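Engineer: Below is the file target.csv, with CSV, C-alpha atoms.
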chain,number,residue,atom,x,y,z
W,57,ALA,CA,96.2,110.3,69.5
W,58,ALA,CA,96.7,107.4,67.2
W,59,PRO,CA,94.9,104.2,68.1
W,60,PHE,CA,97.1,101.7,70.0
W,61,ARG,CA,96.5,98.1,69.2
W,62,LEU,CA,97.0,95.8,72.2
W,63,GLU,CA,96.7,92.0,71.9
W,64,VAL,CA,95.5,90.5,75.1
W,65,LEU,CA,95.8,86.8,76.0
W,66,ALA,CA,93.1,86.6,78.6
W,67,GLU,CA,93.1,83.8,81.1
W,68,THR,CA,89.9,81.7,80.8
W,69,PRO,CA,87.7,80.8,83.8
W,70,ALA,CA,88.4,77.5,85.5
W,71,PRO,CA,85.5,76.9,87.9
W,72,GLU,CA,87.1,73.7,89.4
W,73,GLN,CA,89.9,75.9,90.9
W,74,ASN,CA,88.3,77.7,93.8
W,75,ASP,CA,91.3,78.4,96.0
W,76,SER,CA,92.8,81.4,94.1
W,77,PRO,CA,92.5,84.8,95.7
W,78,LEU,CA,91.8,86.3,92.3
W,79,VAL,CA,88.2,85.3,92.0
W,80,ALA,CA,85.1,86.8,90.4
W,81,GLY,CA,82.2,84.7,91.6
W,82,ASP,CA,83.1,81.1,90.8
W,83,ARG,CA,85.7,82.2,88.1
W,84,THR,CA,89.4,81.7,88.8
W,85,TRP,CA,92.6,81.8,86.8
W,86,CYS,CA,93.9,78.9,84.8
W,87,HIS,CA,96.9,78.5,82.5
W,88,ALA,CA,95.0,78.2,79.2
W,89,PHE,CA,94.7,81.5,77.3
W,90,ARG,CA,92.3,82.7,74.7
W,91,HIS,CA,93.1,85.5,72.2
W,92,VAL,CA,91.3,88.8,72.7
W,93,THR,CA,92.2,91.7,70.5
W,94,SER,CA,91.3,95.2,71.5
W,95,VAL,CA,92.1,98.7,70.4
W,96,LEU,CA,93.1,101.3,73.0
W,97,ALA,CA,92.6,104.9,71.8
W,98,PRO,CA,93.4,107.1,74.8
W,99,PRO,CA,91.0,110.1,74.9
W,100,GLN,CA,92.3,113.5,74.0
W,101,ARG,CA,92.9,115.7,77.0
W,102,PRO,CA,92.9,119.5,77.0
W,103,ARG,CA,96.4,120.8,76.2
W,104,ARG,CA,98.3,123.0,78.6
W,105,SER,CA,99.3,126.5,77.4
W,106,GLY,CA,102.6,126.2,75.5
W,107,HIS,CA,101.8,122.7,74.2
W,108,ASP,CA,101.3,122.8,70.5
W,109,ARG,CA,101.4,119.1,69.8
W,110,PRO,CA,98.8,116.4,70.4
W,111,ILE,CA,99.2,114.1,73.4
W,112,LYS,CA,101.2,111.1,72.5
W,113,LEU,CA,104.1,109.0,73.7
W,114,MET,CA,107.6,109.4,72.5
W,115,ALA,CA,108.4,106.2,70.6
W,116,HIS,CA,112.2,106.7,70.7
W,117,ASN,CA,112.5,106.5,74.5
W,118,THR,CA,115.7,104.4,75.0
W,119,ALA,CA,115.8,104.8,78.7
W,120,ARG,CA,113.3,102.0,79.0
W,121,LYS,CA,115.8,99.4,77.8
W,122,ILE,CA,118.6,100.2,80.3
W,123,THR,CA,119.4,97.9,83.2
W,124,MET,CA,120.4,100.3,86.0
W,125,PRO,CA,122.2,99.6,89.3
W,126,SER,CA,120.1,100.2,92.4
W,127,GLY,CA,119.9,103.9,93.3
W,128,GLU,CA,120.6,105.3,89.8
W,129,LEU,CA,117.8,107.5,88.5
W,130,LYS,CA,116.8,108.2,85.0
W,131,SER,CA,114.2,110.9,84.1
W,132,VAL,CA,112.6,111.1,80.6
W,133,LYS,CA,110.2,113.7,79.5
W,134,LEU,CA,107.0,112.3,77.9
W,135,GLU,CA,104.0,113.8,76.3
W,136,ILE,CA,101.7,112.4,79.0
W,137,ASP,CA,103.8,114.8,81.1
W,138,TRP,CA,106.7,112.8,82.5
W,139,SER,CA,108.1,109.5,83.8
W,140,VAL,CA,111.0,108.5,85.9
W,141,GLN,CA,112.7,105.1,86.4
W,142,THR,CA,114.8,103.5,89.1
W,143,VAL,CA,115.4,100.1,90.6
W,144,LEU,CA,113.1,99.1,93.5
W,145,PRO,CA,114.2,96.2,95.8
W,146,ILE,CA,111.3,94.6,97.6
W,147,GLU,CA,110.9,91.9,100.2
W,148,PHE,CA,108.5,89.2,98.9
W,149,ALA,CA,107.9,85.7,100.2
W,150,GLY,CA,111.1,85.9,102.4
W,151,SER,CA,113.4,86.9,99.5
W,152,GLU,CA,114.7,90.2,98.2
W,153,ILE,CA,113.7,90.9,94.6
W,154,ALA,CA,114.8,93.8,92.4
W,155,LEU,CA,112.1,95.3,90.2
W,156,GLU,CA,112.3,98.0,87.7
W,157,ALA,CA,110.1,100.9,88.9
W,158,HIS,CA,108.6,103.2,86.2
W,159,ALA,CA,106.6,106.0,87.7
W,160,TYR,CA,104.3,108.1,85.6
W,161,GLN,CA,102.6,111.5,86.2
W,162,GLY,CA,99.6,112.3,84.0
W,163,ARG,CA,98.3,115.7,83.2
W,164,GLU,CA,96.1,115.8,86.2
W,165,PRO,CA,97.8,116.0,89.6
W,166,ASP,CA,96.1,113.0,91.0
W,167,THR,CA,96.7,110.8,87.9
W,168,GLN,CA,99.8,108.9,88.9
W,169,ALA,CA,100.8,105.3,88.5
W,170,VAL,CA,103.8,103.0,88.9
W,171,ALA,CA,104.7,100.0,86.7
W,172,LEU,CA,106.8,97.4,88.5
W,173,VAL,CA,108.7,95.2,85.9
W,174,HIS,CA,110.3,91.9,86.6
W,175,ARG,CA,112.6,90.4,84.0
W,176,LYS,CA,114.6,87.2,83.7
W,177,ASP,CA,117.3,86.6,81.1
W,178,PRO,CA,116.5,85.9,78.4
W,179,ALA,CA,113.1,87.7,78.3
W,180,ALA,CA,113.3,89.4,74.9
W,181,ASP,CA,110.6,87.1,73.3
W,182,ALA,CA,108.5,86.5,76.3
W,183,VAL,CA,104.9,87.7,76.3
W,184,ALA,CA,104.5,89.8,79.4
W,185,VAL,CA,102.1,88.8,82.2
W,186,VAL,CA,100.4,92.0,83.2
W,187,ARG,CA,98.2,92.9,86.2
W,188,LEU,CA,96.4,96.3,86.3
W,189,HIS,CA,95.8,96.8,90.0
W,190,SER,CA,93.5,99.6,91.3
W,191,GLY,CA,94.9,101.1,94.5
W,192,CYS,CA,93.3,100.2,97.8
W,193,VAL,CA,94.7,101.8,100.9
W,194,THR,CA,92.4,99.8,103.3
W,195,GLY,CA,93.2,96.5,101.6
W,196,ASP,CA,96.7,96.8,100.2
W,197,VAL,CA,98.2,98.7,103.2
W,198,PHE,CA,96.0,97.7,106.2
W,199,HIS,CA,94.8,94.3,105.0
W,200,SER,CA,91.2,95.1,105.5
W,201,LEU,CA,88.8,92.1,105.6
W,202,ARG,CA,86.1,94.1,103.7
W,203,CYS,CA,87.8,93.4,100.4
W,204,ASP,CA,90.3,90.9,98.9
W,205,CYS,CA,92.6,93.6,97.3
W,206,HIS,CA,95.6,92.6,99.5
W,207,ALA,CA,95.2,88.9,98.5
W,208,GLN,CA,94.9,89.9,94.9
W,209,LEU,CA,98.0,92.1,95.0
W,210,LYS,CA,100.0,89.4,96.8
W,211,ALA,CA,99.0,86.7,94.3
W,212,ALA,CA,99.8,89.1,91.4
W,213,LEU,CA,103.3,89.8,92.7
W,214,GLY,CA,103.9,86.1,93.2
W,215,ARG,CA,102.9,85.3,89.6
W,216,ILE,CA,104.7,88.3,88.1
W,217,THR,CA,108.0,87.5,89.9
W,218,SER,CA,107.9,83.9,88.7
W,219,GLU,CA,107.6,84.8,85.0
W,220,PRO,CA,110.3,85.7,82.5
W,221,LEU,CA,108.6,89.0,82.0
W,222,GLY,CA,106.0,90.3,84.4
W,223,VAL,CA,104.5,93.8,84.9
W,224,LEU,CA,102.3,95.1,87.7
W,225,ILE,CA,100.8,98.5,86.9
W,226,TYR,CA,99.6,100.1,90.2
W,227,LEU,CA,96.9,102.7,89.8
W,228,PRO,CA,96.5,104.5,93.1
W,229,TYR,CA,94.0,107.1,91.8
W,230,GLN,CA,91.4,104.4,91.2
W,231,GLU,CA,90.7,103.9,95.0
W,232,GLY,CA,87.3,102.6,95.7
W,233,ARG,CA,86.6,101.8,92.0
W,234,GLY,CA,87.4,105.4,91.1
W,235,ILE,CA,85.3,107.2,93.7
W,236,GLY,CA,88.2,108.0,96.1
W,237,LEU,CA,89.2,107.0,99.7
W,238,PHE,CA,86.7,109.4,101.4
W,239,ARG,CA,83.7,108.2,99.4
W,240,LYS,CA,84.8,104.6,99.8
W,241,ILE,CA,84.8,104.8,103.6
W,242,LYS,CA,81.4,106.6,103.4
W,243,ALA,CA,80.2,103.7,101.2
W,244,TYR,CA,81.3,101.3,104.0
W,245,ALA,CA,79.3,103.3,106.5
W,246,LEU,CA,76.3,103.1,104.2
W,247,GLN,CA,76.8,99.3,103.9
W,248,ASP,CA,76.8,99.1,107.7
W,249,GLN,CA,73.2,100.6,107.5
W,250,GLY,CA,72.1,97.8,105.2
W,251,LEU,CA,73.0,99.0,101.6
W,252,ASP,CA,74.9,96.8,99.3
W,253,THR,CA,78.0,97.9,97.4
W,254,VAL,CA,76.2,99.2,94.4
W,255,ASP,CA,73.5,101.1,96.2
W,256,ALA,CA,76.1,102.6,98.6
W,257,ASN,CA,77.8,104.2,95.5
W,258,LEU,CA,74.5,105.3,93.9
W,259,GLU,CA,73.4,106.8,97.2
W,260,GLN,CA,76.3,109.2,97.0
W,261,GLY,CA,75.6,110.1,93.4
W,262,GLN,CA,78.6,108.1,92.2
W,263,PRO,CA,78.8,105.5,89.4
W,264,ILE,CA,79.0,101.8,90.2
W,265,ASP,CA,82.4,101.7,88.7
W,266,ALA,CA,84.3,104.9,87.7
W,267,ARG,CA,87.7,103.3,86.9
W,268,ASP,CA,89.4,104.2,83.6
W,269,TYR,CA,92.2,102.4,82.0
W,270,ALA,CA,93.3,104.8,79.3
W,271,PHE,CA,96.3,105.9,81.3
W,272,ALA,CA,97.3,102.3,81.9
W,273,GLY,CA,97.1,101.8,78.1
W,274,GLU,CA,99.5,104.6,77.6
W,275,ILE,CA,101.9,103.1,80.1
W,276,LEU,CA,101.8,99.7,78.3
W,277,LYS,CA,102.6,101.5,75.1
W,278,ASP,CA,105.5,103.3,76.6
W,279,LEU,CA,106.9,100.1,77.9
W,280,GLY,CA,106.7,98.6,74.4
W,281,LEU,CA,104.1,96.0,75.4
W,282,THR,CA,101.7,95.3,72.5
W,283,ARG,CA,101.0,91.7,73.4
W,284,VAL,CA,100.2,90.7,77.0
W,285,ARG,CA,98.8,88.0,79.2
W,286,LEU,CA,96.3,89.8,81.3
W,287,MET,CA,95.8,88.7,84.9
W,288,THR,CA,92.3,89.5,86.1
W,289,ASN,CA,89.6,88.5,88.5
W,290,ASN,CA,87.0,89.8,86.1
W,291,PRO,CA,87.6,87.7,83.0
W,292,ASP,CA,84.3,88.7,81.4
Reformat the file's structure so that it appears as structure tokens.

Structural biologist:
Amino acid sequence: AAPFRLEVLAETPAPEQNDSPLVAGDRTWCHAFRHVTSVLAPPQRPRRSGHDRPIKLMAHNTARKITMPSGELKSVKLEIDWSVQTVLPIEFAGSEIALEAHAYQGREPDTQAVALVHRKDPAADAVAVVRLHSGCVTGDVFHSLRCDCHAQLKAALGRITSEPLGVLIYLPYQEGRGIGLFRKIKAYALQDQGLDTVDANLEQGQPIDARDYAFAGEILKDLGLTRVRLMTNNPD
């Protein structure tokens, strides 16, 4: 696949702000941005039988630019396997907000993701605020106190829905930093016995962090986003 150039405007640390839920140590968000340029080159995956072309995204996908009424469904075949788009109304902060929902299926059955897009008119020239959120059943769904994932997700939605152009890419297959729900719960049990987070993963023969963002890079490319403001609690 051809390299995909993504310009990231990363938010710089602001140690004096310590009330944000998106925190890495004493680092929090602020509204000044520094330029970071990176190149995303998604790794080649084995082709399925019958596929005689390299994995790539179809650049002429026009369905992405359509504003659809709630309930209407558009499906577009992509080389990463497929995607589908609809309108998803959500309740957030006491209000109903309509978001574009772009769902993606990768070549592996468990590689799925959804991109929630919020647009305000006019947003054509706006640099998208983007959050890549790794799925967390215990935090996002059940509001577990063993992590701050729910607080991060809530803060990200608040920021994204207040911007002219905001995108949240939810990556459910990255549960437990990529080790899965079962091993994450097992890691919790090991932590109950005195191990820290890192050692609990290593005890299971798992890496400290197994997350991979190549699929998220393909999604950003499909959405036509080559310049973003990245929201992260790990600015380094």

Engineer: Need the shell around stretch 216-230 of chain W: protein/DNA/RNA residues with any atom at most 10 Å away, counting only C-alpha atoms. Skip same-chain ones fewer than 5 positions apart. Format as a VMD selection string?

Structural biologist: chain W and resid 148 153 to 159 165 to 193 209 to 211 235 to 237 265 to 269 271 to 272 275 to 276 279 281 284 to 287

Engineer: Can you tell me how far atom CA of W:Ala245 sits from atom CA of W:Gln208, in Å to one decimal?

Structural biologist: 23.6 Å

Engineer: If we count all atoms listed in the file and set the cut-off at 12 Å, which residues sit around W:Leu246, ignoring sequence neighbours fewer than 4 positions away in its own chain? Please answer as a ChimeraX atom specification.

Structural biologist: /W:239-242,250-260

Engineer: Take atom CA of W:Gly162 and atom CA of W:Trp138 and report the distance between them in Å, one decimal.

Structural biologist: 7.3 Å

Engineer: Give me, please, the distance in Å between atom CA of W:Gly232 and atom CA of W:Tyr160, quoted to one decimal.

Structural biologist: 20.5 Å
